[in-house]
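Enquirer: Here you go, this is entry_18.tsv (TSV, C-alpha atoms).
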```tsv
chain	number	residue	atom	x	y	z
A	4	MET	CA	94.92	-58.49	64.65
A	5	SER	CA	91.66	-58.03	66.52
A	6	VAL	CA	89.87	-55.56	68.73
A	7	LEU	CA	88.42	-57.57	71.61
A	8	PRO	CA	85.23	-56.97	73.59
A	9	ILE	CA	85.68	-55.49	77.08
A	10	ILE	CA	83.95	-57.12	80.04
A	11	THR	CA	82.36	-54.73	82.52
A	12	ILE	CA	81.11	-54.78	86.09
A	13	PRO	CA	79.34	-56.76	87.48
A	14	ASP	CA	80.99	-59.59	85.44
A	15	PRO	CA	82.33	-62.02	88.11
A	16	LEU	CA	85.53	-62.58	86.12
A	17	LEU	CA	86.68	-59.11	87.22
A	18	LYS	CA	86.77	-60.34	90.84
A	19	GLN	CA	89.01	-63.33	90.12
A	20	VAL	CA	92.78	-63.47	90.53
A	21	SER	CA	94.61	-64.01	87.24
A	22	PHE	CA	97.06	-66.87	86.72
A	23	ASP	CA	100.80	-66.51	86.09
A	24	VAL	CA	101.86	-66.91	82.49
A	25	LYS	CA	104.13	-69.97	82.45
A	26	ASP	CA	105.27	-69.87	78.82
A	27	ILE	CA	105.60	-66.78	76.65
A	28	ASN	CA	104.68	-68.21	73.26
A	29	ASP	CA	102.98	-67.08	70.04
A	30	GLU	CA	99.55	-67.39	71.68
A	31	VAL	CA	100.59	-65.00	74.48
A	32	ARG	CA	102.16	-62.58	71.99
A	33	ALA	CA	98.96	-62.63	69.86
A	34	LEU	CA	96.83	-61.93	72.95
A	35	ALA	CA	99.12	-59.01	73.87
A	36	GLU	CA	98.85	-57.60	70.34
A	37	ASN	CA	95.05	-57.91	70.42
A	38	MET	CA	94.99	-56.23	73.84
A	39	ARG	CA	97.10	-53.36	72.47
A	40	ASN	CA	94.78	-52.98	69.47
A	41	THR	CA	91.79	-52.98	71.82
A	42	MET	CA	93.42	-50.29	73.98
A	43	LEU	CA	94.25	-48.15	70.94
A	44	ASP	CA	90.67	-48.49	69.70
A	45	ARG	CA	89.30	-46.88	72.88
A	46	LYS	CA	89.45	-43.11	73.22
A	47	SER	CA	91.79	-41.92	76.00
A	48	CYS	CA	92.68	-45.46	77.10
A	49	VAL	CA	96.18	-45.77	78.56
A	50	GLY	CA	96.09	-49.29	80.01
A	51	ILE	CA	94.46	-52.69	79.79
A	52	ALA	CA	94.68	-56.01	81.64
A	53	ALA	CA	94.05	-59.42	80.08
A	54	VAL	CA	91.12	-60.08	82.41
A	55	GLN	CA	89.31	-57.10	80.87
A	56	VAL	CA	89.15	-59.04	77.61
A	57	GLY	CA	88.07	-62.20	79.42
A	58	VAL	CA	91.44	-63.92	79.89
A	59	LEU	CA	92.69	-64.70	83.41
A	60	ALA	CA	96.38	-64.26	82.56
A	61	ARG	CA	98.78	-61.88	84.32
A	62	ILE	CA	99.38	-59.59	81.35
A	63	ILE	CA	98.98	-55.80	81.26
A	64	ILE	CA	99.73	-53.14	78.70
A	65	VAL	CA	100.30	-49.50	79.67
A	66	ASP	CA	101.14	-46.52	77.46
A	67	VAL	CA	100.63	-43.15	79.15
A	68	SER	CA	101.97	-41.33	76.09
A	69	LEU	CA	98.43	-41.85	74.74
A	70	SER	CA	97.04	-39.51	77.41
A	71	ALA	CA	95.72	-36.11	76.38
A	72	ASN	CA	98.03	-34.53	78.98
A	73	PRO	CA	101.81	-34.88	78.65
A	74	HIS	CA	103.36	-37.27	81.18
A	75	ARG	CA	106.68	-38.97	81.73
A	76	SER	CA	106.37	-42.14	79.68
A	77	SER	CA	108.35	-45.30	79.11
A	78	GLY	CA	106.31	-45.84	75.93
A	79	VAL	CA	104.34	-49.00	75.33
A	80	LEU	CA	104.89	-51.39	78.23
A	81	THR	CA	103.79	-54.99	77.84
A	82	MET	CA	104.23	-56.57	81.26
A	83	ILE	CA	103.88	-60.28	81.88
A	84	ASN	CA	103.59	-61.44	85.49
A	85	PRO	CA	104.26	-57.93	86.89
A	86	VAL	CA	105.11	-57.62	90.58
A	87	ILE	CA	105.58	-54.35	92.47
A	88	THR	CA	108.75	-54.83	94.50
A	89	TYR	CA	109.03	-51.35	96.00
A	90	SER	CA	106.69	-48.42	96.51
A	91	SER	CA	106.78	-45.10	98.33
A	92	GLY	CA	104.79	-41.94	98.87
A	93	LYS	CA	101.12	-41.35	98.24
A	94	THR	CA	99.20	-39.55	95.56
A	95	SER	CA	95.51	-39.15	94.86
A	96	SER	CA	93.91	-38.82	91.46
A	97	ARG	CA	90.68	-39.39	89.62
A	98	GLU	CA	90.57	-42.73	87.79
A	99	GLY	CA	88.36	-44.25	85.15
A	100	CYS	CA	88.26	-47.72	83.69
A	101	LEU	CA	87.05	-49.51	80.56
A	102	SER	CA	85.40	-52.11	82.80
A	103	VAL	CA	83.58	-49.43	84.83
A	104	PRO	CA	82.34	-47.32	81.92
A	105	ASP	CA	79.81	-45.12	83.70
A	106	PHE	CA	81.88	-43.88	86.65
A	107	ILE	CA	85.15	-42.27	87.72
A	108	GLY	CA	86.50	-42.05	91.24
A	109	ASN	CA	89.11	-40.55	93.55
A	110	VAL	CA	91.77	-43.13	94.39
A	111	THR	CA	94.92	-42.95	96.53
A	112	ARG	CA	97.91	-44.92	95.30
A	113	LYS	CA	101.68	-45.08	95.74
A	114	LYS	CA	103.56	-42.20	94.12
A	115	LYS	CA	106.69	-44.18	93.13
A	116	ILE	CA	107.01	-47.85	92.30
A	117	GLU	CA	109.48	-50.42	91.09
A	118	VAL	CA	107.97	-53.28	89.13
A	119	GLU	CA	109.57	-56.50	87.95
A	120	TYR	CA	108.08	-58.27	84.94
A	121	SER	CA	108.89	-60.31	81.86
A	122	ASP	CA	108.71	-58.77	78.42
A	123	LEU	CA	107.34	-60.50	75.31
A	124	ASN	CA	110.71	-62.19	74.75
A	125	GLY	CA	110.71	-63.65	78.25
A	126	LYS	CA	113.46	-61.30	79.42
A	127	LYS	CA	113.20	-60.08	83.03
A	128	GLN	CA	112.81	-56.32	83.34
A	129	LEU	CA	112.81	-53.82	86.20
A	130	LEU	CA	111.06	-50.49	85.79
A	131	LYS	CA	111.34	-47.61	88.26
A	132	THR	CA	108.61	-45.06	87.64
A	133	ASP	CA	106.42	-42.46	89.27
A	134	GLY	CA	103.48	-40.18	88.66
A	135	PHE	CA	100.77	-41.06	86.18
A	136	GLU	CA	102.64	-44.04	84.76
A	137	ALA	CA	103.00	-45.57	88.25
A	138	ILE	CA	99.29	-44.97	88.91
A	139	CYS	CA	98.29	-46.70	85.67
A	140	ILE	CA	100.52	-49.70	86.33
A	141	GLN	CA	99.05	-50.09	89.84
A	142	HIS	CA	95.51	-49.79	88.39
A	143	GLU	CA	96.17	-52.56	85.86
A	144	ILE	CA	97.90	-54.84	88.38
A	145	ASP	CA	94.83	-54.44	90.60
A	146	HIS	CA	92.80	-56.02	87.78
A	147	LEU	CA	95.11	-59.03	87.87
A	148	ASP	CA	94.34	-59.35	91.59
A	149	GLY	CA	90.57	-59.21	91.12
A	150	LYS	CA	90.10	-55.52	91.99
A	151	VAL	CA	88.65	-52.53	90.19
A	152	PHE	CA	89.24	-48.93	91.24
A	153	LEU	CA	85.87	-48.88	93.03
A	154	ASP	CA	87.43	-51.28	95.57
A	155	ARG	CA	90.01	-48.59	96.41
A	156	VAL	CA	87.81	-45.52	96.93
A	157	THR	CA	87.31	-44.38	100.50
A	158	SER	CA	83.61	-43.66	100.07
A	159	LEU	CA	81.30	-44.74	97.25
A	160	LYS	CA	79.10	-41.79	98.23
A	161	THR	CA	81.69	-38.97	98.09
A	162	ASP	CA	84.51	-40.32	95.88
A	163	VAL	CA	82.64	-41.79	92.90
A	164	PHE	CA	81.16	-39.66	90.11
A	165	ARG	CA	79.04	-40.42	87.07
A	166	ARG	CA	80.89	-39.79	83.80
A	167	MET	CA	79.58	-36.84	81.84
```
Kindly present the structure from the file in structure tokens form.
Expert:
Amino acid sequence: MSVLPIITIPDPLLKQVSFDVKDINDEVRALAENMRNTMLDRKSCVGIAAVQVGVLARIIIVDVSLSANPHRSSGVLTMINPVITYSSGKTSSREGCLSVPDFIGNVTRKKKIEVEYSDLNGKKQLLKTDGFEAICIQHEIDHLDGKVFLDRVTSLKTDVFRRM
């Protein structure tokens, strides 16, 4: 399988809303595998959305077990057409992104979420999660809705930092 190129800001594709996946077929499974390989190829990467590899499909992959710091993890999550059905609490953390390679920023997100999605076999799933895994899932779903973390910071002047 392949490692795919990552699109970065200001590519206009990152501002577009991704389309629902209607049929989970071999083409979708191959894209998901290539996305996973692309994520694994990047140092410290714990999530990727299809739009980041130039495909406007509602597919994300998250694996927080790849983080340098230990976190509660559900392992590799391939989520097709994910929808957050419940959220609660608030938490703030510093986020980075493959599509925003030069910056990190302080972002406030929901602390706990429930997300419904289809897996690679087309089976409906419900995941209840919190902490870093919930943050990563929200970050990747934002990509599917045409947003990057910079759209969520309170102030570009005080909440965004150049990567060292």
Enquirer: Find the residues around Glu117 in chain A up to 6 Å (only C-alpha atoms counted), leave out those fewer than 6 positions away in its own chain, and share them as a list in words.
Expert: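 Those residues are Ile87, Thr88, Tyr89, Leu130 and Lys131 of chain A.
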Enquirer: A:Asn84, A:Ser102, A:Ser158, A:Thr111: which is nearest Ile51 in chain A, counting all atoms listed in the file?
Expert: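 Looking at the shortest contact to Ile51 in chain A, the residue is A:Ser102.
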Enquirer: One decimal, Å: what's the distance from CA of Gln128 in chain A over to CA of Ala35 in chain A, could you say?
Expert: 16.9 Å
Enquirer: Could you jot down the CA of Val65 in chain A to CA of Ala53 in chain A separation for me, Å, one decimal place?
Expert: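 Atom-to-atom, CA of Val65 in chain A and CA of Ala53 in chain A are spaced 11.7 Å apart.
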Enquirer: Of the residues A:Lys160, A:Arg39, A:Lys115, A:Arg61, which is the one nearest to Ile138 in chain A, using all atoms listed in the file?
Expert: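 Smallest distance to Ile138 in chain A is found for A:Lys115.
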Enquirer: Determine the nearest neighbour of Ile12 in chain A from the options A:Met167, A:Met38, A:Cys100, A:Cys48, counting only C-alpha atoms.
Expert: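 Result for the nearest residue to Ile12 in chain A: A:Cys100.
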Enquirer: Can you list, as number ranges by chain, every protein, DNA or RNA residue that comes within 7 Å of Tyr120 in chain A when you count all atoms listed in the file, leaving out same-chain residues fewer than 3 positions away?
Expert: A: 82-86, 127-129
Enquirer: How many Å separate CA of His142 in chain A from CA of Arg165 in chain A?
Expert: 19.0 Å
Enquirer: Counting all atoms listed in the file, which of A:Val151, A:Leu123, A:Leu159, A:Val58 gets nearest to Ser21 in chain A?
Expert: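 Closest to Ser21 in chain A of all the choices is A:Val58.
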Enquirer: Contacts of Arg32 in chain A at 10 Å or less, counting all atoms listed in the file, minus same-chain residues fewer than 5 places along, as number ranges by chain?
Expert: A: 27, 37-38, 81, 122-124
Enquirer: Could you check the closest approach to Ile116 in chain A for each of A:Pro15, A:Gly78, A:Gly50, A:Gly92 and tell me which residue wins, using all atoms listed in the file?
Expert: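 Under the stated criterion, the closest residue is A:Gly92.
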Enquirer: Of the residues A:Val156, A:Ala60, A:Ala71, A:Val49, which is the one nearest to Arg112 in chain A, using all atoms listed in the file?
Expert: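 Looking at the shortest contact to Arg112 in chain A, the residue is A:Val156.
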Enquirer: Would you pick out the contacts of Cys139 in chain A at 9 Å or less, using all atoms listed in the file, so that residues sharing its chain but fewer than 4 positions from it are not included, and give the list as a list in words?
Expert: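 So the residues in contact are Val49, Gly50, Val65, Asp66, Val67, Glu98, Gly134, Phe135, Glu143 and Ile144 of chain A.
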Enquirer: Place a sphere of radius 9 Å on (81.8, -50.2, 83.1) in the file coordinates and name every protein, DNA or RNA residue with an atom inside or on its surface, counting all atoms listed in the file; give the answer as a PyMOL selection string.
Expert: chain A and resi 9-13+100-106
Enquirer: Can you fill out range 105-120 of chain A with N, CA, C and O atoms and hand it back as a JSON list (two decimals), in the frame of the given file?
Expert:
```json
[["chain", "number", "residue", "atom", "x", "y", "z"],
["A", 105, "ASP", "N", 80.70, -46.22, 83.35],
["A", 105, "ASP", "CA", 79.81, -45.12, 83.70],
["A", 105, "ASP", "C", 80.31, -44.23, 84.84],
["A", 105, "ASP", "O", 79.67, -43.23, 85.15],
["A", 106, "PHE", "N", 81.45, -44.60, 85.46],
["A", 106, "PHE", "CA", 81.88, -43.88, 86.65],
["A", 106, "PHE", "C", 83.37, -43.59, 86.63],
["A", 106, "PHE", "O", 84.15, -44.28, 85.98],
["A", 107, "ILE", "N", 83.77, -42.57, 87.39],
["A", 107, "ILE", "CA", 85.15, -42.27, 87.72],
["A", 107, "ILE", "C", 85.21, -42.10, 89.22],
["A", 107, "ILE", "O", 84.18, -41.91, 89.87],
["A", 108, "GLY", "N", 86.42, -42.17, 89.78],
["A", 108, "GLY", "CA", 86.50, -42.05, 91.24],
["A", 108, "GLY", "C", 87.85, -41.57, 91.71],
["A", 108, "GLY", "O", 88.87, -41.71, 91.01],
["A", 109, "ASN", "N", 87.87, -41.01, 92.90],
["A", 109, "ASN", "CA", 89.11, -40.55, 93.55],
["A", 109, "ASN", "C", 89.78, -41.74, 94.23],
["A", 109, "ASN", "O", 89.16, -42.42, 95.05],
["A", 110, "VAL", "N", 91.04, -41.98, 93.87],
["A", 110, "VAL", "CA", 91.77, -43.13, 94.39],
["A", 110, "VAL", "C", 93.14, -42.67, 94.88],
["A", 110, "VAL", "O", 93.79, -41.85, 94.24],
["A", 111, "THR", "N", 93.58, -43.20, 96.02],
["A", 111, "THR", "CA", 94.92, -42.95, 96.53],
["A", 111, "THR", "C", 95.79, -44.15, 96.23],
["A", 111, "THR", "O", 95.41, -45.29, 96.49],
["A", 112, "ARG", "N", 96.97, -43.87, 95.65],
["A", 112, "ARG", "CA", 97.91, -44.92, 95.30],
["A", 112, "ARG", "C", 99.32, -44.50, 95.69],
["A", 112, "ARG", "O", 99.55, -43.37, 96.13],
["A", 113, "LYS", "N", 100.27, -45.38, 95.49],
["A", 113, "LYS", "CA", 101.68, -45.08, 95.74],
["A", 113, "LYS", "C", 102.18, -44.14, 94.65],
["A", 113, "LYS", "O", 101.82, -44.25, 93.49],
["A", 114, "LYS", "N", 103.04, -43.20, 95.05],
["A", 114, "LYS", "CA", 103.56, -42.20, 94.12],
["A", 114, "LYS", "C", 104.69, -42.76, 93.24],
["A", 114, "LYS", "O", 104.77, -42.48, 92.06],
["A", 115, "LYS", "N", 105.56, -43.57, 93.86],
["A", 115, "LYS", "CA", 106.69, -44.18, 93.13],
["A", 115, "LYS", "C", 106.62, -45.69, 93.30],
["A", 115, "LYS", "O", 106.28, -46.17, 94.38],
["A", 116, "ILE", "N", 106.97, -46.39, 92.23],
["A", 116, "ILE", "CA", 107.01, -47.85, 92.30],
["A", 116, "ILE", "C", 108.20, -48.39, 91.53],
["A", 116, "ILE", "O", 108.74, -47.73, 90.64],
["A", 117, "GLU", "N", 108.58, -49.60, 91.89],
["A", 117, "GLU", "CA", 109.48, -50.42, 91.09],
["A", 117, "GLU", "C", 108.71, -51.70, 90.79],
["A", 117, "GLU", "O", 108.11, -52.29, 91.68],
["A", 118, "VAL", "N", 108.72, -52.09, 89.53],
["A", 118, "VAL", "CA", 107.97, -53.28, 89.13],
["A", 118, "VAL", "C", 108.87, -54.20, 88.32],
["A", 118, "VAL", "O", 109.56, -53.75, 87.41],
["A", 119, "GLU", "N", 108.86, -55.47, 88.70],
["A", 119, "GLU", "CA", 109.57, -56.50, 87.95],
["A", 119, "GLU", "C", 108.56, -57.23, 87.09],
["A", 119, "GLU", "O", 107.44, -57.51, 87.52],
["A", 120, "TYR", "N", 108.97, -57.57, 85.87],
["A", 120, "TYR", "CA", 108.08, -58.27, 84.94],
["A", 120, "TYR", "C", 108.91, -58.92, 83.85],
["A", 120, "TYR", "O", 110.11, -58.67, 83.73]]
```
